[in-house]
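J.: This structure is in structure tokens; I'll ask about it shortly.
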4 protein chains.
Amino acid sequence: MTVSLPRPLRGIVPPMITPLSGPDALDVAGLERLIEHMFAGGVHGLFILGTTGEAPSLSYRLRRELIVRTCKLVSGRVPVLVGITDTAFVESVSLAKHAADAGADAVVASAPYYFPADQPELMHYVRALAAQLPLPLMLYNMPAMTKIAFAVDTIRQAMSIDNIIGLKDSSGDMGYFHEVLGLLGQREEWTLLVGPENLLAESVMAGGHGGVNGGANLKPRLYVDLYEAAAAGDIERVRTLQRQVMRVGELYRIGQHGSSIIKGLKCALSTLGLCDDHMAEPFERFNPPERDHVAELLNELDVKR
Amino acid sequence: MTVSLPRPLRGIVPPMITPLSGPDALDVAGLERLIEHMFAGGVHGLFILGTTGEAPSLSYRLRRELIVRTCKLVSGRVPVLVGITDTAFVESVSLAKHAADAGADAVVASAPYYFPADQPELMHYVRALAAQLPLPLMLYNMPAMTKIAFAVDTIRQAMSIDNIIGLKDSSGDMGYFHEVLGLLGQREEWTLLVGPENLLAESVMAGGHGGVNGGANLKPRLYVDLYEAAAAGDIERVRTLQRQVMRVGELYRIGQHGSSIIKGLKCALSTLGLCDDHMAEPFERFNPPERDHVAELLNELDVKR
Amino acid sequence: MTVSLPRPLRGIVPPMITPLSGPDALDVAGLERLIEHMFAGGVHGLFILGTTGEAPSLSYRLRRELIVRTCKLVSGRVPVLVGITDTAFVESVSLAKHAADAGADAVVASAPYYFPADQPELMHYVRALAAQLPLPLMLYNMPAMTKIAFAVDTIRQAMSIDNIIGLKDSSGDMGYFHEVLGLLGQREEWTLLVGPENLLAESVMAGGHGGVNGGANLKPRLYVDLYEAAAAGDIERVRTLQRQVMRVGELYRIGQHGSSIIKGLKCALSTLGLCDDHMAEPFERFNPPERDHVAELLNELDVKR
Amino acid sequence: MTVSLPRPLRGIVPPMITPLSGPDALDVAGLERLIEHMFAGGVHGLFILGTTGEAPSLSYRLRRELIVRTCKLVSGRVPVLVGITDTAFVESVSLAKHAADAGADAVVASAPYYFPADQPELMHYVRALAAQLPLPLMLYNMPAMTKIAFAVDTIRQAMSIDNIIGLKDSSGDMGYFHEVLGLLGQREEWTLLVGPENLLAESVMAGGHGGVNGGANLKPRLYVDLYEAAAAGDIERVRTLQRQVMRVGELYRIGQHGSSIIKGLKCALSTLGLCDDHMAEPFERFNPPERDHVAELLNELDVKR
């Protein structure tokens with residue numbers, strides 16, 4: 001009854017925001033509405049507990065609750081990927097076991113993000129982690145948050161480990177992305193997804209498999225359409241849809257801090273009545289005037305629930 | 001029977017390494033030997049679960065075990081400060097409550113280190129955290145790991161919160177340190193300690209209160225002597241002892257990765273028979289030839305247990 | 001008889017290396033061979049005295065000689081763009097006048113690169129510079145060397161200045177590139193070119209006008225072909241040619257320093273007998289074994305003069 | 001009649017601002033007043049064409065004029081050091097010859113600042129430069145502007161070259177400073193000076209030879225006094241004077257850009273009637289309200305010409 005994890009995993013896999021109704025409290029009704037909203041848009045998978053999901057800011061208790069509820073709500077309709085990125089190895093493994101018990105399909109881990117490991121240390125870490133995981137592992141390149149990137153050569157080595165099945169690259173560095181693309185001949189079922197949504201089209205046209213794009217929480221159909229246009233090589237349609245994606249990106253520049261991406265997205269989802277926009281510490285939700293700007297932009301973009 | 005926390009806290013407060021005997025396993029006998037070794041050197045306090053203590057790499061279970069055992073072993077002889085730095089607010093508060101129950105004297109927190117908060121967000125975070133803590137809070141400026149520093153103006157604001165009692169500055173930026181020193185007139189019982197050990201003497205001569213220096217795990221008496229010479233303004237003695245401190249620093253440059261500071265320190269302690277040198281992931285202990293270099297250096301420095 | 005500068009300027013505009021035969025000495029015969037080699041490959045313009053041209057490392061005397069000789073050799077066959085980037089405003093203006101006298105078509109300037117200007121200061125600088133130039137100005141975004149990028153909003157403002165005619169973006173940040181693309185509606189004859197060669201195809205498919213790609217010194221036809229395939233939306237051909245471009249890029253990773261890009265390119269051109277590979281200080285040419293690796297790679301790539 | 005260059009050079013060597021009366025025009029009368037103002041304060045040398053002197057922003061013509069006029073005005077009363085930092089090797093050597101002809105005592109060079117050289121390349125550069133210079137060379141560590149620092153091991157190697165006579169360290173990294181101090185035993189006449197003025201006292205107490213401190217343009221006597229108190233180990237007097245130096249530093253935080261240090265200093269000197277405060281591009285002088293804040297601060301500090 002449930003799908004198995006496609007190899008490679010193609011399409012749009014939204015990095016789900018975590019709907020919160022207050023400090024350490026999940027917005028359970030909002031979670032259900034948000035998941036159904038994304039399914040209505042045709043998404044190909046779901047990634048919870050990533051950066052957009054504020055995972056590092058959530059208690060372990062809440063992370064575990066989210067994993068169980070999401071797997072139950074998705075109920076095998078698409079693959080569920082669970083972020084287990086942590087500075088403590090033991091906690092990552094523990095979360096992964098919890099995800100496996102809940103029925104998730106894979107886990108996702110970036111570099112540990114307090115101590116900056118050098119590449120041989122990072123490779124040692126990845127190898128040790130993969131050996132203890134009950135689920136396939138997708139790596140997550142996110143140097144803006146973790147301070148270090150997975151070097152191309154480290155990815156090459158990681159490809160030789162069976163249960164490492166792909167990479168989500170959120171570096172925004174397309175030169176790097178092309179180099180990793182060049183490694184895919186080595187293992188054809190490996191998945192390569194891109195994070196920044198304005199790079200979705202070109203990464204897919206170049207041979208990538210899809211996107212883990214925050215905006216797909218809000219406008220899942222737009223990203224699915226753009227993915228399909230790019231996969232079909234329909235450049236005219238790509239340009240039209242890309243312009244719309246760029247406009248959604250204006251949402252992320254409302255407000256004055258680096259945290260505006262998640263705040264803007266949550267505020268928009270709340271404005272549409274999909275879920276609460278409480279933010280985990282150290283951040284706070286948008287208030288007016290930012291909240292008003294979000295509403296205006298949604299109006300201009302004609303975004304509806 | 002127990003000391004109360006002096007305000008300001010003066011002297012040498014070693015950031016204790018965490019003795020591990022294996023993955024997620026505390027070296028209990030080593031912990032006791034290490035603590036007694038530092039007490040024999042005359043240290044003025046103990047800081048556990050900091051960067052040198054590999055705190056972010058440890059499971060919460062092990063952190064809790066360490067807190068309880070350390071407080072019991074110290075038994076009120078000096079103040080115990082407990083690191084609660086975390087990306088998840090709820091987990092920081094929870095650790096602080098555990099520390100209070102165990103009898104610790106204060107907690108220490110740096111900026112949350114996944115999402116880089118801007119200064120108003122950081123101030124909001126600090127305010128919210130301080131409000132929920134059962135113990136006094138010392139801030140910890142560690143931009144090399146957390147990506148962001150506490151701005152001088154943020155420190156100024158934090159000083160107006162009663163149970164924020166000081167700052168440990170590990171930025172290595174003495175210009176910054178002097179600026180914070182200039183704020184101390186505002187609250188005379190506030191504590192200002194310095195992290196990098198080669199800056200201990202000058203920071204104390206300039207008006208700082210002491211050091212949280214990793215090398216004091218190994219040679220506690222040397223750092224206590226240097227602190228005292230600096231506090232007494234004995235420049236000749238300062239220069240002599242400073243040269244010895246610089247030599248201990250050679251330990252941190254053995255090996256080729258940024259992680260060499262903790263690896264070198266743990267390896268030296270193990271070589272002296274004080275405790276095991278197992279490292280938490282993502283790192284591994286020194287093997288030969290690094291281990292041999294450590295032994296040679298200890299020999300040259302005439303360090304004994 | 002000479003072409004006028006097309007607006008926008010489309011196609012491949014190689015950033016020419018500067019052939020040197022010794023310290024402060026131009027390789028005059030090599031310069032002629034190199035220019036004819038690129039013309040045989042069908043390039044659409046020539047950019048001298050950029051980063052690849054080692055401009056900041058050359059004496060002003062040599063820069064002036066190069067400008068005069070190049071303009072004479074090109075003789076109006078394609079537009080010549082001359083880099084005038086400098087930390088001293090007066091010297092930039094002086095070089096621009098020299099370029100105008102020699103018959104160049106436009107000048108190119110990045111941010112001044114010693115003092116990092118903030119955006120309002122940068123805008124002031126650009127405005128003052130444009131007012132004194134006898135030739136149209138193309139901006140050059142090169143934050144890896146200049147420490148600061150032209151913010152999107154600064155580009156927007158610069159577009160309102162008549163004789164600022166375009167941007168060469170060497171940031172490698174395609175998110176930024178897409179944002180600048182979004183401004184082109186404002187001034188349709190504005191030129192937007194990309195620096196990193198592995199981003200040529202996707203930038204052109206997204207609406208960019210071409211590339212200023214170092215590899216076009218060596219294999220001009222390959223880059224012209226890739227440009228044309230991308231402009232025609234021929235994705236299959238793009239992928240084939242992109243793989244060849246990625247292989248040329250292996251040249252830039254021979255050697256162990258950041259300077260390997262220019263060293264590798266010059267060494268390859270010298271190996272083909274096109275020109276000398278002397279490097280300006282602080283760098284030195286490749287010797288064996290690097291030189292041998294370059295020869296092997298050229299052999300594998302079947303590059304001929 | 002003229003002094004010879006002391007080895008080591010001890011005391012306060014102000015990095016002179018360059019008084020400008022307009023674009024590419026020296027304020028000749030202001031230059032004389034400024035030099036005499038500093039001499040009245042007892043400075044031990046003069047460093048022209050450094051960062052504070054806006055050297056990279058000045059035309060070569062103006063740099064040459066400044067060298068000649070300054071050497072004539074100083075007339076052998078103290079040593080004159082001339083900055084020759086440049087991205088073009090040939091231009092550095094040419095400036096050095098000009099300085100030798102004008103009667104300067106030494107030249108000062110940082111790393112070339114466009115292409116970031118790796119350490120072996122930097123060592124090659126320094127060696128080649130020293131071989132062609134007609135005057136002794138002091139190295140200048142300024143990573144905030146040049147992107148790269150001289151590694152401690154590179155300094156160690158440079159010490160083996162006879163006409164490299166010292167280091168001005170403007171990194172602000174006292175850990176680094178202590179490591180270089182540790183090398184001085186190797187060559188006892190070598191000079192080690194510190195740039196940031198709030199580090200002057202501690203660097204001298206630790207064994208450094210003095211400071212190249214911008215504030216000495218304005219209050220030369222204060223820095224000379226602080227130097228002498230530190231050299232004498234008079235900690236109480238050091239603390240008192242250090243507080244005054246910290247207050248001068250408030251000048252550098254007026255205005256909102258990184259360029260405020262030079263702007264604030266020039267504005268203060270102009271307010272005192274010493275010289276014009278025209279800034280070289282890309283910067284502009286302070287206008288009200290910044291100018292008023294400078295005047296208020298000067299009043300509070302009781303600074304007089």
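Each chain in the structure tokens gets a letter, A, B, ..., in the order shown, and its residues are numbered from 1; ligands are numbered from 1 in order too.
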Any idea which chain C residues end up within 7 Å of chain D if we count only C-alpha atoms, as a PyMOL selection string please?
T.: chain C and resi 56-59+87-91+113-115+118+121-122+125+145-146+257+281-283
J.: Identify all residues of range 206-255 of chain A in alpha helix (DSSP H) (DSSP on the backbone) and supply them as a list in words.
T.: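 Taking range 206-255 of chain A and keeping alpha helix (DSSP H) only, one gets Pro220, Arg221, Leu222, Tyr223, Val224, Asp225, Leu226, Tyr227, Glu228, Ala229, Ala230, Ala231, Ile235, Glu236, Arg237, Val238, Arg239, Thr240, Leu241, Gln242, Arg243, Gln244, Val245, Met246, Arg247 and Val248 of chain A.
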J.: Do you know which residues are at most 7 Å from range 234-243 of chain A counting only C-alpha atoms, after dropping those on the same chain fewer than 3 positions away, and could you put them as a ChimeraX atom specification?
T.: /A:201,226,229-230,246-247 /C:206,233
J.: How would the residues just chosen look if you wrote them out with N, CA, C and O atoms as a CSV table (one decimal), in the first residue's frame?
T.:
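And here is the file that came out, result-v4.csv:
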```csv
chain,number,residue,atom,x,y,z
A,201,ALA,N,15.1,25.2,-11.8
A,201,ALA,CA,15.0,25.0,-13.2
A,201,ALA,C,16.3,24.6,-13.9
A,201,ALA,O,16.5,23.6,-14.6
A,226,LEU,N,7.1,23.9,-12.6
A,226,LEU,CA,8.4,24.3,-13.0
A,226,LEU,C,9.4,23.1,-13.1
A,226,LEU,O,10.1,23.0,-14.1
A,229,ALA,N,8.4,21.4,-16.4
A,229,ALA,CA,8.8,22.1,-17.6
A,229,ALA,C,10.3,22.0,-17.8
A,229,ALA,O,10.8,21.8,-18.9
A,230,ALA,N,11.1,22.0,-16.7
A,230,ALA,CA,12.5,21.9,-16.8
A,230,ALA,C,12.9,20.5,-17.3
A,230,ALA,O,13.8,20.3,-18.1
A,246,MET,N,10.5,33.7,-8.8
A,246,MET,CA,11.3,34.9,-8.3
A,246,MET,C,10.4,35.8,-7.5
A,246,MET,O,10.9,36.4,-6.5
A,247,ARG,N,9.2,36.0,-7.9
A,247,ARG,CA,8.3,36.8,-7.2
A,247,ARG,C,8.0,36.3,-5.8
A,247,ARG,O,7.9,37.0,-4.8
C,206,ALA,N,18.6,31.1,-19.2
C,206,ALA,CA,17.8,31.9,-18.3
C,206,ALA,C,17.5,33.4,-18.9
C,206,ALA,O,16.7,34.1,-18.4
C,233,GLY,N,18.4,27.0,-27.2
C,233,GLY,CA,17.6,26.1,-26.3
C,233,GLY,C,17.7,24.6,-26.7
C,233,GLY,O,16.8,23.8,-26.4
```
J.: Using CA of Asp162 in chain A and CA of Met205 in chain A as the two end points, give the distance in Å to one decimal.
T.: 27.0 Å
J.: Going by DSSP on the backbone, which residues of range 59-89 of chain D come out as strand (DSSP E or B)? List them as JSON, numbers by chain.
T.: {"D": [80, 81, 82, 83]}
J.: At a cut-off of 8 Å, using only C-alpha atoms, what residues contact Thr18 in chain C? Leave out same-chain residues fewer than 4 positions from it and give the result as a compact mmCIF listing (two decimals) with N, CA and C atoms, in the first residue's frame.
T.:
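Final output, saved to result_23.txt:
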```txt
# COMPACT_ATOMS: atom_id res chain seq x y z
N LEU C 26 56.03 42.36 -22.25
CA LEU C 26 54.95 41.74 -23.01
C LEU C 26 55.54 40.77 -24.04
N LEU C 31 51.13 37.54 -28.18
CA LEU C 31 49.88 38.29 -28.14
C LEU C 31 49.15 38.18 -29.48
N ILE C 48 40.30 42.73 -22.17
CA ILE C 48 41.68 42.68 -21.68
C ILE C 48 41.78 43.35 -20.31
N LEU C 49 42.82 43.00 -19.58
CA LEU C 49 43.11 43.60 -18.27
C LEU C 49 42.04 43.31 -17.22
N THR C 52 41.73 37.44 -15.12
CA THR C 52 42.49 36.46 -15.88
C THR C 52 43.69 37.12 -16.55
N GLY C 53 43.58 38.40 -16.87
CA GLY C 53 44.67 39.14 -17.48
C GLY C 53 45.69 39.64 -16.46
N GLU C 54 45.54 39.26 -15.20
CA GLU C 54 46.48 39.65 -14.13
C GLU C 54 46.66 41.17 -14.05
```
J.: Between CA of Ala109 in chain C and CA of Tyr140 in chain C, what is the distance in Å, rounded to a tenth?
T.: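 Taking CA of Ala109 in chain C as the start and CA of Tyr140 in chain C as the end point, the length is 5.5 Å.
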J.: Quick one: everything within 9 Å of Arg291 in chain B, counting only C-alpha atoms, minus sequence neighbours fewer than 3 positions away in the same chain. Send it as a list in words.
T.: Ile254, Gly264, Cys267, Ala268, Thr271, Arg285, Phe286, Asn287, Pro288, Val294, Ala295 and Glu296 of chain B
J.: Provide the CA of Glu189 in chain B to CA of Ser203 in chain B distance in Å, to one decimal place.
T.: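 Distance between the two atoms: 17.1 Å.
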J.: What lies within 7 Å of range 106-108 of chain A using only C-alpha atoms, ignoring chain neighbours under 4 positions off, as a list in words?
T.: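 Answer for this query is Val80, Leu81, Val82, Gly83, Ile84, Thr85, Ala96, Leu135, Pro136, Leu137, Met138, Leu139 and Tyr140 of chain A.
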J.: Give me, as a list of chain:residue names, all polymer residues having an atom no more than 9 Å from Gln244 in chain D, counting only C-alpha atoms and skipping those fewer than 5 positions away in the same chain.
T.: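 Surrounding residues, per the criterion: D:Leu222, D:Arg239, D:Gly249, D:Leu301.
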